[in-house]
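Structure data (compact mmCIF, C-alpha atoms) from start.txt:
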```txt
# COMPACT_ATOMS: atom_id res chain seq x y z
CA MET A 1 -39.81 -66.05 45.96
CA THR A 2 -43.28 -67.47 46.45
CA MET A 3 -46.15 -66.10 44.39
CA ASP A 4 -49.82 -66.99 44.44
CA VAL A 5 -53.26 -65.68 43.51
CA THR A 6 -56.21 -65.84 45.92
CA PHE A 7 -59.74 -65.27 44.64
CA LEU A 8 -61.88 -63.37 47.14
CA GLY A 9 -64.93 -62.95 44.92
CA THR A 10 -65.77 -64.83 41.72
CA GLY A 11 -69.35 -63.70 41.05
CA SER A 12 -70.71 -61.00 38.77
CA ALA A 13 -73.16 -58.15 39.42
CA TYR A 14 -73.46 -58.39 43.23
CA PRO A 15 -72.22 -60.39 46.23
CA SER A 16 -74.34 -63.41 47.11
CA PRO A 17 -74.26 -66.04 49.87
CA HIS A 18 -72.32 -68.36 47.55
CA ARG A 19 -70.09 -65.95 45.58
CA GLY A 20 -68.51 -62.65 46.51
CA ALA A 21 -68.23 -59.76 44.06
CA SER A 22 -65.08 -59.44 41.95
CA ALA A 23 -61.81 -59.29 43.85
CA LEU A 24 -58.53 -61.20 43.83
CA VAL A 25 -55.14 -60.76 45.47
CA LEU A 26 -51.71 -61.41 43.98
CA ARG A 27 -49.32 -62.12 46.83
CA THR A 28 -45.55 -62.16 46.69
CA GLU A 29 -43.18 -62.23 49.69
CA GLY A 30 -45.83 -60.86 52.04
CA GLU A 31 -46.84 -57.94 49.82
CA CYS A 32 -50.40 -58.03 48.50
CA TRP A 33 -51.80 -56.41 45.36
CA LEU A 34 -55.59 -56.23 45.08
CA PHE A 35 -57.28 -56.47 41.69
CA ASP A 36 -60.83 -55.08 41.77
CA CYS A 37 -62.75 -54.52 44.96
CA GLY A 38 -66.44 -55.29 44.74
CA GLU A 39 -68.89 -54.75 47.58
CA GLY A 40 -68.05 -56.99 50.55
CA THR A 41 -64.39 -57.49 49.67
CA GLN A 42 -63.26 -56.53 53.17
CA THR A 43 -65.49 -59.24 54.66
CA GLN A 44 -64.01 -61.79 52.25
CA LEU A 45 -60.52 -60.69 53.30
CA MET A 46 -61.43 -61.30 56.94
CA LYS A 47 -62.53 -64.84 56.07
CA SER A 48 -59.30 -65.53 54.19
CA GLN A 49 -55.71 -66.09 55.31
CA LEU A 50 -54.73 -62.70 53.85
CA ARG A 51 -54.14 -59.50 55.79
CA ALA A 52 -55.79 -56.37 54.43
CA GLY A 53 -53.06 -54.25 55.99
CA ARG A 54 -50.50 -55.77 53.62
CA ILE A 55 -52.25 -54.39 50.53
CA THR A 56 -49.87 -51.88 48.97
CA LYS A 57 -51.36 -51.56 45.50
CA VAL A 58 -54.90 -51.65 44.11
CA PHE A 59 -55.86 -52.11 40.46
CA ILE A 60 -59.43 -51.34 39.36
CA SER A 61 -60.35 -52.70 35.92
CA HIS A 62 -63.41 -50.49 35.36
CA LEU A 63 -65.90 -48.37 37.24
CA HIS A 64 -68.89 -50.71 37.47
CA GLY A 65 -69.98 -51.08 41.08
CA ASP A 66 -69.37 -54.82 41.37
CA HIS A 67 -65.67 -54.06 40.87
CA LEU A 68 -65.43 -50.84 42.86
CA PHE A 69 -68.04 -50.34 45.61
CA GLY A 70 -65.92 -52.10 48.22
CA LEU A 71 -62.87 -49.85 47.89
CA PRO A 72 -63.82 -46.85 50.10
CA GLY A 73 -64.91 -49.13 52.93
CA LEU A 74 -61.82 -51.30 52.66
CA LEU A 75 -59.51 -48.27 52.87
CA CYS A 76 -61.37 -47.03 55.95
CA THR A 77 -61.22 -50.41 57.69
CA VAL A 78 -57.50 -50.77 56.97
CA SER A 79 -57.06 -47.31 58.49
CA LEU A 80 -59.02 -48.28 61.63
CA ASN A 81 -56.66 -51.22 62.12
CA THR A 82 -53.53 -49.14 61.58
CA ASN A 83 -51.42 -48.18 64.58
CA PRO A 84 -51.70 -44.37 64.83
CA GLU A 85 -48.22 -44.21 66.36
CA GLN A 86 -46.61 -45.97 63.40
CA GLN A 87 -44.29 -43.66 61.52
CA ASN A 88 -43.59 -43.33 57.78
CA LEU A 89 -46.59 -45.31 56.57
CA SER A 90 -46.21 -46.17 52.90
CA CYS A 91 -48.54 -44.74 50.29
CA VAL A 92 -51.22 -47.07 48.88
CA GLU A 93 -50.95 -46.78 45.09
CA ILE A 94 -54.30 -47.14 43.28
CA TYR A 95 -54.60 -47.58 39.50
CA GLY A 96 -57.79 -47.41 37.45
CA PRO A 97 -59.76 -45.60 34.74
CA ARG A 98 -60.34 -41.87 34.58
CA GLY A 99 -63.00 -40.98 37.15
CA LEU A 100 -61.61 -43.16 39.94
CA ARG A 101 -59.82 -40.24 41.58
CA HIS A 102 -63.03 -38.18 41.64
CA PHE A 103 -65.05 -41.13 42.96
CA LEU A 104 -62.73 -41.73 45.92
CA ARG A 105 -62.29 -38.04 46.72
CA VAL A 106 -66.05 -37.42 46.81
CA THR A 107 -66.90 -40.65 48.66
CA LEU A 108 -64.29 -40.17 51.36
CA GLY A 109 -65.05 -36.46 51.58
CA LEU A 110 -68.84 -36.71 51.88
CA THR A 111 -68.55 -39.38 54.55
CA GLY A 112 -65.95 -37.45 56.53
CA SER A 113 -63.57 -40.39 56.27
CA GLN A 114 -60.00 -39.77 57.38
CA LEU A 115 -57.21 -42.24 56.73
CA LEU A 116 -54.05 -42.81 58.75
CA PHE A 117 -52.01 -43.51 55.62
CA PRO A 118 -51.52 -41.63 52.34
CA TYR A 119 -52.95 -42.83 49.05
CA ALA A 120 -52.54 -41.80 45.41
CA VAL A 121 -54.78 -42.53 42.42
CA HIS A 122 -53.14 -42.98 39.03
CA GLU A 123 -55.70 -42.75 36.24
CA LEU A 124 -55.62 -44.52 32.89
CA GLU A 125 -56.98 -42.40 30.06
CA PRO A 126 -59.26 -44.64 27.96
CA THR A 127 -59.69 -44.47 24.21
CA THR A 128 -63.06 -43.90 22.56
CA ASP A 129 -63.20 -47.40 21.08
CA GLN A 130 -63.27 -49.15 24.48
CA SER A 131 -67.06 -48.92 24.82
CA PRO A 132 -70.22 -47.86 22.98
CA GLU A 133 -70.72 -44.13 22.88
CA GLU A 134 -73.31 -44.23 25.67
CA GLY A 135 -70.76 -45.92 27.94
CA GLN A 136 -68.10 -43.23 27.61
CA LEU A 137 -67.86 -41.02 30.68
CA SER A 138 -67.71 -37.34 29.86
CA LEU A 139 -64.81 -35.21 30.99
CA LYS A 140 -67.31 -33.09 32.90
CA MET A 141 -68.57 -36.10 34.86
CA THR A 142 -65.08 -37.33 35.77
CA ALA A 143 -63.43 -33.94 36.28
CA GLU A 144 -61.68 -33.44 39.59
CA CYS A 145 -63.34 -30.93 41.85
CA GLY A 146 -62.19 -29.29 45.04
CA PRO A 147 -58.92 -29.82 46.87
CA LEU A 148 -57.20 -33.14 47.40
CA HIS A 149 -58.45 -35.32 50.23
CA PRO A 150 -56.25 -34.68 53.31
CA GLN A 151 -54.51 -38.04 52.88
CA GLU A 152 -54.44 -37.93 49.07
CA GLN A 153 -51.16 -37.49 47.25
CA PRO A 154 -51.05 -36.28 43.64
CA GLY A 155 -51.39 -39.13 41.14
CA ARG A 156 -50.38 -39.49 37.52
CA THR A 157 -52.52 -39.55 34.40
CA ILE A 158 -51.31 -42.43 32.22
CA PHE A 159 -51.91 -42.40 28.47
CA LEU A 160 -51.79 -45.23 25.97
CA ASP A 161 -48.34 -45.84 24.50
CA VAL A 162 -49.33 -46.17 20.85
CA SER A 163 -46.09 -47.90 19.88
CA SER A 164 -46.66 -50.80 22.31
CA ASP A 165 -50.46 -50.52 22.48
CA CYS A 166 -50.41 -50.64 26.28
CA TYR A 167 -50.05 -48.48 29.40
CA LEU A 168 -46.88 -48.62 31.52
CA LEU A 169 -48.05 -48.38 35.13
CA PHE A 170 -44.72 -48.86 36.89
CA GLU A 171 -41.47 -50.80 36.91
CA ASP A 172 -39.21 -51.66 39.82
CA LYS A 173 -36.40 -54.13 40.51
CA LYS A 174 -38.79 -57.07 40.66
CA PHE A 175 -41.69 -56.36 38.31
CA VAL A 176 -42.98 -54.40 35.37
CA VAL A 177 -46.75 -53.86 35.38
CA LYS A 178 -48.71 -52.77 32.33
CA ALA A 179 -52.37 -52.33 31.45
CA PHE A 180 -54.17 -52.99 28.19
CA ARG A 181 -57.49 -52.05 26.63
CA LEU A 182 -60.66 -54.13 26.64
CA PHE A 183 -64.12 -53.57 25.15
CA HIS A 184 -67.02 -53.45 27.60
CA ARG A 185 -70.15 -51.39 28.26
CA ILE A 186 -67.85 -48.80 29.83
CA PRO A 187 -64.07 -48.58 29.32
CA SER A 188 -62.37 -51.59 30.87
CA PHE A 189 -58.76 -52.65 31.31
CA GLY A 190 -56.68 -55.73 31.91
CA PHE A 191 -53.38 -55.92 33.77
CA CYS A 192 -50.15 -57.79 33.07
CA VAL A 193 -47.71 -58.40 35.92
CA GLN A 194 -44.33 -59.51 34.55
CA GLU A 195 -41.64 -60.62 36.97
CA HIS A 196 -38.08 -59.85 35.88
CA ASP A 197 -35.83 -62.79 35.11
CA ARG A 198 -33.74 -63.99 38.05
CA PRO A 199 -30.02 -64.70 37.87
CA GLY A 200 -29.20 -68.39 37.52
CA ARG A 201 -27.43 -70.40 40.18
CA LEU A 202 -23.72 -69.93 40.74
CA ASN A 203 -21.47 -72.75 39.55
CA THR A 204 -19.81 -73.22 42.94
CA GLU A 205 -17.55 -76.04 41.75
CA LEU A 206 -16.03 -73.78 39.11
CA LEU A 207 -15.67 -70.97 41.63
CA LYS A 208 -13.78 -73.28 43.99
CA GLU A 209 -11.48 -74.30 41.15
CA LEU A 210 -10.79 -70.60 40.58
CA GLY A 211 -9.93 -70.23 44.27
CA LEU A 212 -12.95 -68.13 45.15
CA LYS A 213 -14.44 -68.92 48.55
CA PRO A 214 -18.09 -68.28 49.54
CA GLY A 215 -18.58 -64.72 50.68
CA PRO A 216 -19.41 -61.20 49.47
CA LEU A 217 -17.80 -61.80 46.07
CA TYR A 218 -20.41 -64.49 45.38
CA GLY A 219 -23.09 -61.88 45.93
CA ARG A 220 -21.42 -59.48 43.52
CA LEU A 221 -21.26 -62.12 40.81
CA LYS A 222 -24.91 -63.03 41.45
CA ALA A 223 -25.78 -59.34 41.08
CA GLY A 224 -24.11 -59.26 37.66
CA GLU A 225 -20.86 -57.58 38.68
CA PRO A 226 -17.41 -58.83 37.51
CA VAL A 227 -14.90 -59.83 40.20
CA THR A 228 -11.10 -59.51 40.07
CA LEU A 229 -9.10 -62.33 41.67
CA GLU A 230 -5.80 -61.85 43.53
CA SER A 231 -4.04 -63.19 40.43
CA GLY A 232 -5.48 -60.31 38.45
CA ARG A 233 -7.89 -62.44 36.47
CA VAL A 234 -11.33 -60.93 35.96
CA VAL A 235 -14.21 -63.37 36.42
CA LEU A 236 -17.34 -62.39 34.52
CA PRO A 237 -20.79 -63.35 35.84
CA THR A 238 -21.58 -65.09 32.54
CA GLU A 239 -18.71 -67.52 33.20
CA VAL A 240 -20.03 -68.78 36.53
CA LEU A 241 -23.80 -68.24 36.41
CA GLU A 242 -26.14 -70.90 35.08
CA GLU A 243 -29.01 -69.96 32.77
CA ALA A 244 -31.31 -67.26 34.14
CA ILE A 245 -34.60 -68.29 35.74
CA PRO A 246 -37.45 -66.84 33.63
CA GLY A 247 -39.77 -64.42 35.39
CA ARG A 248 -43.40 -65.37 35.93
CA LYS A 249 -46.27 -63.61 34.19
CA VAL A 250 -49.81 -63.13 35.50
CA CYS A 251 -52.49 -61.49 33.34
CA ILE A 252 -55.85 -60.43 34.78
CA PHE A 253 -58.61 -59.35 32.42
CA GLY A 254 -61.44 -57.08 33.49
CA ASP A 255 -64.95 -57.44 32.10
CA CYS A 256 -64.93 -57.60 28.32
CA SER A 257 -66.46 -59.04 25.19
CA SER A 258 -63.20 -58.58 23.25
CA VAL A 259 -59.65 -57.28 23.45
CA LEU A 260 -58.62 -54.20 21.50
CA GLY A 261 -55.62 -54.25 19.19
CA GLU A 262 -52.67 -56.64 19.16
CA GLY A 263 -51.09 -55.18 22.29
CA PRO A 264 -52.91 -57.43 24.80
CA LEU A 265 -52.01 -60.62 22.94
CA ARG A 266 -48.33 -59.66 22.68
CA LEU A 267 -48.23 -58.54 26.29
CA CYS A 268 -49.89 -61.69 27.62
CA ASN A 269 -47.93 -64.10 25.44
CA GLU A 270 -46.94 -67.24 27.37
CA ALA A 271 -48.63 -66.06 30.57
CA ASP A 272 -48.23 -68.51 33.44
CA VAL A 273 -51.75 -67.64 34.57
CA LEU A 274 -54.38 -65.83 32.49
CA VAL A 275 -57.51 -64.86 34.47
CA HIS A 276 -60.50 -64.20 32.22
CA GLU A 277 -64.18 -63.69 32.84
CA ALA A 278 -66.78 -66.23 31.71
CA THR A 279 -70.02 -64.67 32.85
CA LEU A 280 -72.33 -66.98 30.89
CA GLY A 281 -72.12 -70.33 29.13
CA ASP A 282 -71.52 -70.63 25.40
CA GLU A 283 -75.22 -71.23 24.79
CA HIS A 284 -75.83 -67.66 26.01
CA ARG A 285 -73.12 -66.06 23.84
CA GLU A 286 -75.40 -63.47 22.22
CA LYS A 287 -76.69 -62.28 25.59
CA ALA A 288 -73.17 -62.20 27.01
CA VAL A 289 -71.80 -60.09 24.15
CA ASP A 290 -74.80 -57.74 24.27
CA HIS A 291 -73.87 -57.00 27.89
CA GLY A 292 -70.16 -56.68 27.17
CA HIS A 293 -69.20 -60.07 28.60
CA SER A 294 -67.53 -63.31 27.54
CA THR A 295 -68.27 -67.03 27.49
CA PRO A 296 -65.84 -69.91 28.19
CA ALA A 297 -65.10 -70.44 24.49
CA MET A 298 -64.36 -66.72 24.07
CA ALA A 299 -62.00 -66.79 27.05
CA ALA A 300 -60.38 -69.94 25.65
CA ALA A 301 -59.76 -68.24 22.32
CA VAL A 302 -57.82 -65.49 24.10
CA ALA A 303 -55.82 -68.01 26.13
CA ARG A 304 -54.98 -69.97 22.97
CA ALA A 305 -53.93 -66.82 21.10
CA CYS A 306 -51.67 -65.92 24.04
CA CYS A 307 -50.23 -69.44 24.38
CA ALA A 308 -51.05 -69.22 28.09
CA ARG A 309 -50.06 -72.05 30.40
CA ARG A 310 -53.22 -71.87 32.52
CA LEU A 311 -56.60 -70.23 31.95
CA VAL A 312 -58.57 -69.40 35.09
CA LEU A 313 -62.26 -68.64 34.56
CA TYR A 314 -64.05 -66.30 36.98
CA HIS A 315 -66.78 -63.60 37.21
CA PHE A 316 -69.60 -66.10 36.84
CA SER A 317 -73.25 -65.14 36.74
CA GLN A 318 -74.76 -65.77 40.17
CA ARG A 319 -76.91 -68.44 38.51
CA TYR A 320 -73.82 -70.71 38.62
CA LYS A 321 -73.31 -71.98 42.15
CA PRO A 322 -69.93 -73.34 43.27
CA CYS A 323 -69.45 -77.07 42.67
CA SER A 324 -69.66 -77.73 46.41
CA MET A 325 -73.14 -76.17 46.51
CA GLN A 326 -74.58 -77.81 43.41
CA LYS A 327 -77.74 -79.80 44.00
CA GLU A 328 -79.23 -82.52 41.88
CA GLY A 329 -81.59 -80.98 39.36
CA ASP A 330 -79.89 -77.55 39.25
CA GLU A 331 -80.15 -76.28 35.69
CA ASP A 332 -76.95 -74.26 35.60
CA ASP A 333 -73.85 -76.35 36.26
CA VAL A 334 -70.64 -74.35 36.66
CA SER A 335 -68.54 -77.39 35.72
CA GLU A 336 -70.12 -77.17 32.27
CA LEU A 337 -68.29 -73.85 31.81
CA LYS A 338 -64.98 -75.61 32.39
CA ARG A 339 -65.91 -78.33 29.89
CA GLN A 340 -66.80 -75.70 27.27
CA ALA A 341 -63.42 -74.00 27.69
CA GLU A 342 -61.56 -77.33 27.56
CA ASP A 343 -63.43 -78.31 24.40
CA ALA A 344 -62.41 -75.02 22.78
CA LEU A 345 -58.78 -75.64 23.81
CA GLN A 346 -58.47 -79.16 22.45
CA GLY A 347 -55.08 -79.68 20.84
CA SER A 348 -53.43 -77.02 23.00
CA ASP A 349 -51.44 -77.31 26.23
CA VAL A 350 -53.58 -74.78 28.12
CA ALA A 351 -54.91 -76.07 31.45
CA VAL A 352 -58.28 -74.77 32.67
CA THR A 353 -59.25 -73.93 36.25
CA LEU A 354 -62.60 -72.76 37.62
CA ALA A 355 -62.06 -70.08 40.24
CA GLU A 356 -64.02 -70.32 43.48
CA ASP A 357 -64.05 -67.95 46.41
CA PHE A 358 -60.93 -68.44 48.58
CA LEU A 359 -59.17 -70.59 46.00
CA THR A 360 -55.41 -69.97 46.24
CA LEU A 361 -53.43 -70.83 43.14
CA PRO A 362 -49.63 -71.11 43.58
CA ILE A 363 -47.52 -69.84 40.69
CA PRO A 364 -44.24 -71.80 40.77
CA LEU A 365 -40.98 -70.53 39.38
CA ARG A 366 -40.24 -71.51 35.81
CA ARG A 367 -37.12 -73.60 35.43
CA PRO A 368 -34.78 -73.12 32.47
CA GLN A 369 -35.29 -75.75 29.77
```
Would you write the structure of this file as structure tokens?
Amino acid sequence: MTMDVTFLGTGSAYPSPHRGASALVLRTEGECWLFDCGEGTQTQLMKSQLRAGRITKVFISHLHGDHLFGLPGLLCTVSLNTNPEQQNLSCVEIYGPRGLRHFLRVTLGLTGSQLLFPYAVHELEPTTDQSPEEGQLSLKMTAECGPLHPQEQPGRTIFLDVSSDCYLLFEDKKFVVKAFRLFHRIPSFGFCVQEHDRPGRLNTELLKELGLKPGPLYGRLKAGEPVTLESGRVVLPTEVLEEAIPGRKVCIFGDCSSVLGEGPLRLCNEADVLVHEATLGDEHREKAVDHGHSTPAMAAAVARACCARRLVLYHFSQRYKPCSMQKEGDEDDVSELKRQAEDALQGSDVAVTLAEDFLTLPIPLRRPQ
């Protein structure tokens, strides 16, 4: 199963001619999951090789506009391009902090926006230590009001699991997806997408020796079911399956100046790809932290603590132009951010990548050692 990450917007604060606002897509077997949706995300999607209509899940890290303002428009545009005669349209599942449900309901309602597909908003209940007191949204401000939007389905409220220090968003046959707490000017979250391990390859030579020909019984063994031969012998999957193929792990951090608790580090341990903001260079650390953001060295410290395989830096201040647009004499060189992270990671095996708009990063399968 192929898996890749495409960055649609890698800038902070607002979309500019050289960087879109925060948005990236995790794609697997044609299904697309969108992480954050800043203003202009739908335009970036149109410029990419991705199809907005394939987005089945949306994850919003926090409620700042550069991560959220594009969502109502994107949903409406997807609806406009949906065949009205299509039956049994699947529900778009949206995950984000408390207040997201109210935001979408009011925005879609005030603009008279109707959708051709259902959607549901599942809200994460933040803890009081995720932001300064002035950044905590009151229950009154985020309280739901009025009836559900005509296309809105009831969503869940998800609370922190204190024992694991994370939020379980969902689990299916392929993935388990969890969220974790970050510290920012307002409550912010990161997301961990963990693929389940895959069964190893069948030892076909051994199966032939046992007299088992290719067919449905191979599938049963691959699925973990024992098979009884005509002789009466029971063949267990563990006898004929090679070592399982480890599942891949992708961790995407929202805006933050620090992680909260040990949960995020445990959850993101040995991530194949760890996406972390680096809004400003290390020389601006004090300013970055004052605004709830990180520098390359801070992101590198998280990647090192998690033993990540690859650190991808994104969410750059608009002062940092993409490498392809750098001009001689420009004061702020984005490649310097990569060097700062690499310096902080000396002695580790963590690779560093600078995200740029429309960069697609393949995430290959891990092979058993």
Could you tell me how far CA of Asn83 (chain A) lies from CA of Arg27 (chain A), in Å and to one decimal?
->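 Spanning CA of Asn83 (chain A) to CA of Arg27 (chain A) is a straight-line distance of 22.7 Å.
CA of Cys37 (chain A) sits 7.5 Å away from CA of Asp66 (chain A).
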d(CA of Leu34 (chain A), CA of Gly281 (chain A)) in Å |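 Spanning CA of Leu34 (chain A) to CA of Gly281 (chain A) is a straight-line distance of 27.0 Å.
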Give me the residues within 9 Å of region 282-290 of chain A as a list in words, counting all atoms listed in the file and dropping any in the same chain fewer than 6 places off.
-> His184, Arg185, Cys256, Ser257, Ser258, Pro296, Ala297, Met298, Leu337 and Gln340 of chain A
Taking only residues of region 240-321 of chain A that have an atom at most 12 Å from an atom of region 211-223 of chain A, what is each one's shortest atom pair and its distance in Å to one decimal, using all atoms listed in the file, in chain and number order, as a tab-separated table?
```
residue	atom	partner	partner_atom	distance
A:Val240	CA	A:Leu221	CA	8.0
A:Leu241	CA	A:Lys222	CA	7.3
A:Glu242	CA	A:Lys222	CA	10.2
A:Glu243	CA	A:Lys222	CA	11.8
A:Ala244	CA	A:Lys222	CA	10.6
```
Min atom-atom distance to Val250 (chain A) from the set A:Ala355, A:Leu148, A:Val5, A:Leu236, counting all atoms listed in the file, belongs to A:Val5
Counting all atoms listed in the file, figure out which residue out of A:Val58, A:Met1, A:Val193, A:Leu182 gets nearest to Glu29 (chain A).
->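 Smallest separation from Glu29 (chain A) among the options: A:Met1.
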Fewer than 3 positions away in the same chain doesn't count, so skip those; otherwise give me all residues within 8 Å of Thr353 (chain A), counting all atoms listed in the file, as a VMD selection string.
-> chain A and resid 310 to 313 338
Could I get region 195-218 of chain A from the block written out with N, CA and C atoms, as a CSV table (one decimal), in the first residue's frame?
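That gives us out-v9.csv:
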```csv
chain,number,residue,atom,x,y,z
A,195,GLU,N,-0.1,3.0,11.3
A,195,GLU,CA,-0.6,1.9,10.5
A,195,GLU,C,-0.4,0.6,11.2
A,196,HIS,N,-1.3,-0.3,11.2
A,196,HIS,CA,-1.2,-1.6,11.8
A,196,HIS,C,-0.1,-2.4,11.0
A,197,ASP,N,0.5,-3.3,11.8
A,197,ASP,CA,1.5,-4.2,11.1
A,197,ASP,C,0.8,-5.1,10.1
A,198,ARG,N,1.5,-5.4,9.0
A,198,ARG,CA,1.0,-6.3,8.0
A,198,ARG,C,1.5,-7.7,8.1
A,199,PRO,N,0.7,-8.7,7.8
A,199,PRO,CA,1.2,-10.0,7.8
A,199,PRO,C,2.4,-10.2,6.9
A,200,GLY,N,3.4,-11.0,7.3
A,200,GLY,CA,4.5,-11.3,6.4
A,200,GLY,C,4.2,-12.1,5.2
A,201,ARG,N,5.1,-12.3,4.4
A,201,ARG,CA,4.9,-13.1,3.2
A,201,ARG,C,4.7,-14.6,3.5
A,202,LEU,N,3.9,-15.3,2.7
A,202,LEU,CA,3.8,-16.7,2.9
A,202,LEU,C,5.0,-17.4,2.4
A,203,ASN,N,5.4,-18.4,3.1
A,203,ASN,CA,6.5,-19.3,2.6
A,203,ASN,C,5.9,-20.3,1.7
A,204,THR,N,5.9,-20.0,0.4
A,204,THR,CA,5.2,-20.8,-0.6
A,204,THR,C,5.9,-22.1,-0.8
A,205,GLU,N,7.2,-22.2,-0.6
A,205,GLU,CA,8.0,-23.4,-0.8
A,205,GLU,C,7.5,-24.4,0.3
A,206,LEU,N,7.4,-24.0,1.5
A,206,LEU,CA,7.0,-24.8,2.6
A,206,LEU,C,5.5,-25.3,2.3
A,207,LEU,N,4.7,-24.4,1.8
A,207,LEU,CA,3.3,-24.7,1.6
A,207,LEU,C,3.2,-25.8,0.5
A,208,LYS,N,4.0,-25.7,-0.5
A,208,LYS,CA,4.0,-26.7,-1.6
A,208,LYS,C,4.5,-28.1,-1.0
A,209,GLU,N,5.5,-28.1,-0.1
A,209,GLU,CA,5.9,-29.3,0.5
A,209,GLU,C,4.8,-29.9,1.3
A,210,LEU,N,3.9,-29.1,1.9
A,210,LEU,CA,2.8,-29.6,2.7
A,210,LEU,C,1.7,-30.0,1.8
A,211,GLY,N,1.8,-29.8,0.5
A,211,GLY,CA,0.7,-30.2,-0.4
A,211,GLY,C,-0.4,-29.2,-0.6
A,212,LEU,N,-0.1,-28.0,-0.2
A,212,LEU,CA,-1.1,-26.9,-0.3
A,212,LEU,C,-0.9,-26.1,-1.5
A,213,LYS,N,-1.9,-26.1,-2.4
A,213,LYS,CA,-1.8,-25.3,-3.7
A,213,LYS,C,-2.3,-23.9,-3.5
A,214,PRO,N,-1.8,-23.0,-4.3
A,214,PRO,CA,-2.3,-21.6,-4.2
A,214,PRO,C,-3.8,-21.5,-4.4
A,215,GLY,N,-4.5,-20.7,-3.6
A,215,GLY,CA,-5.9,-20.6,-3.7
A,215,GLY,C,-6.5,-20.0,-2.4
A,216,PRO,N,-7.8,-20.2,-2.1
A,216,PRO,CA,-8.4,-19.5,-1.0
A,216,PRO,C,-7.7,-19.8,0.3
A,217,LEU,N,-7.2,-21.0,0.5
A,217,LEU,CA,-6.6,-21.4,1.8
A,217,LEU,C,-5.3,-20.5,2.0
A,218,TYR,N,-4.7,-20.0,1.0
A,218,TYR,CA,-3.5,-19.1,1.2
A,218,TYR,C,-4.0,-17.8,1.8
```
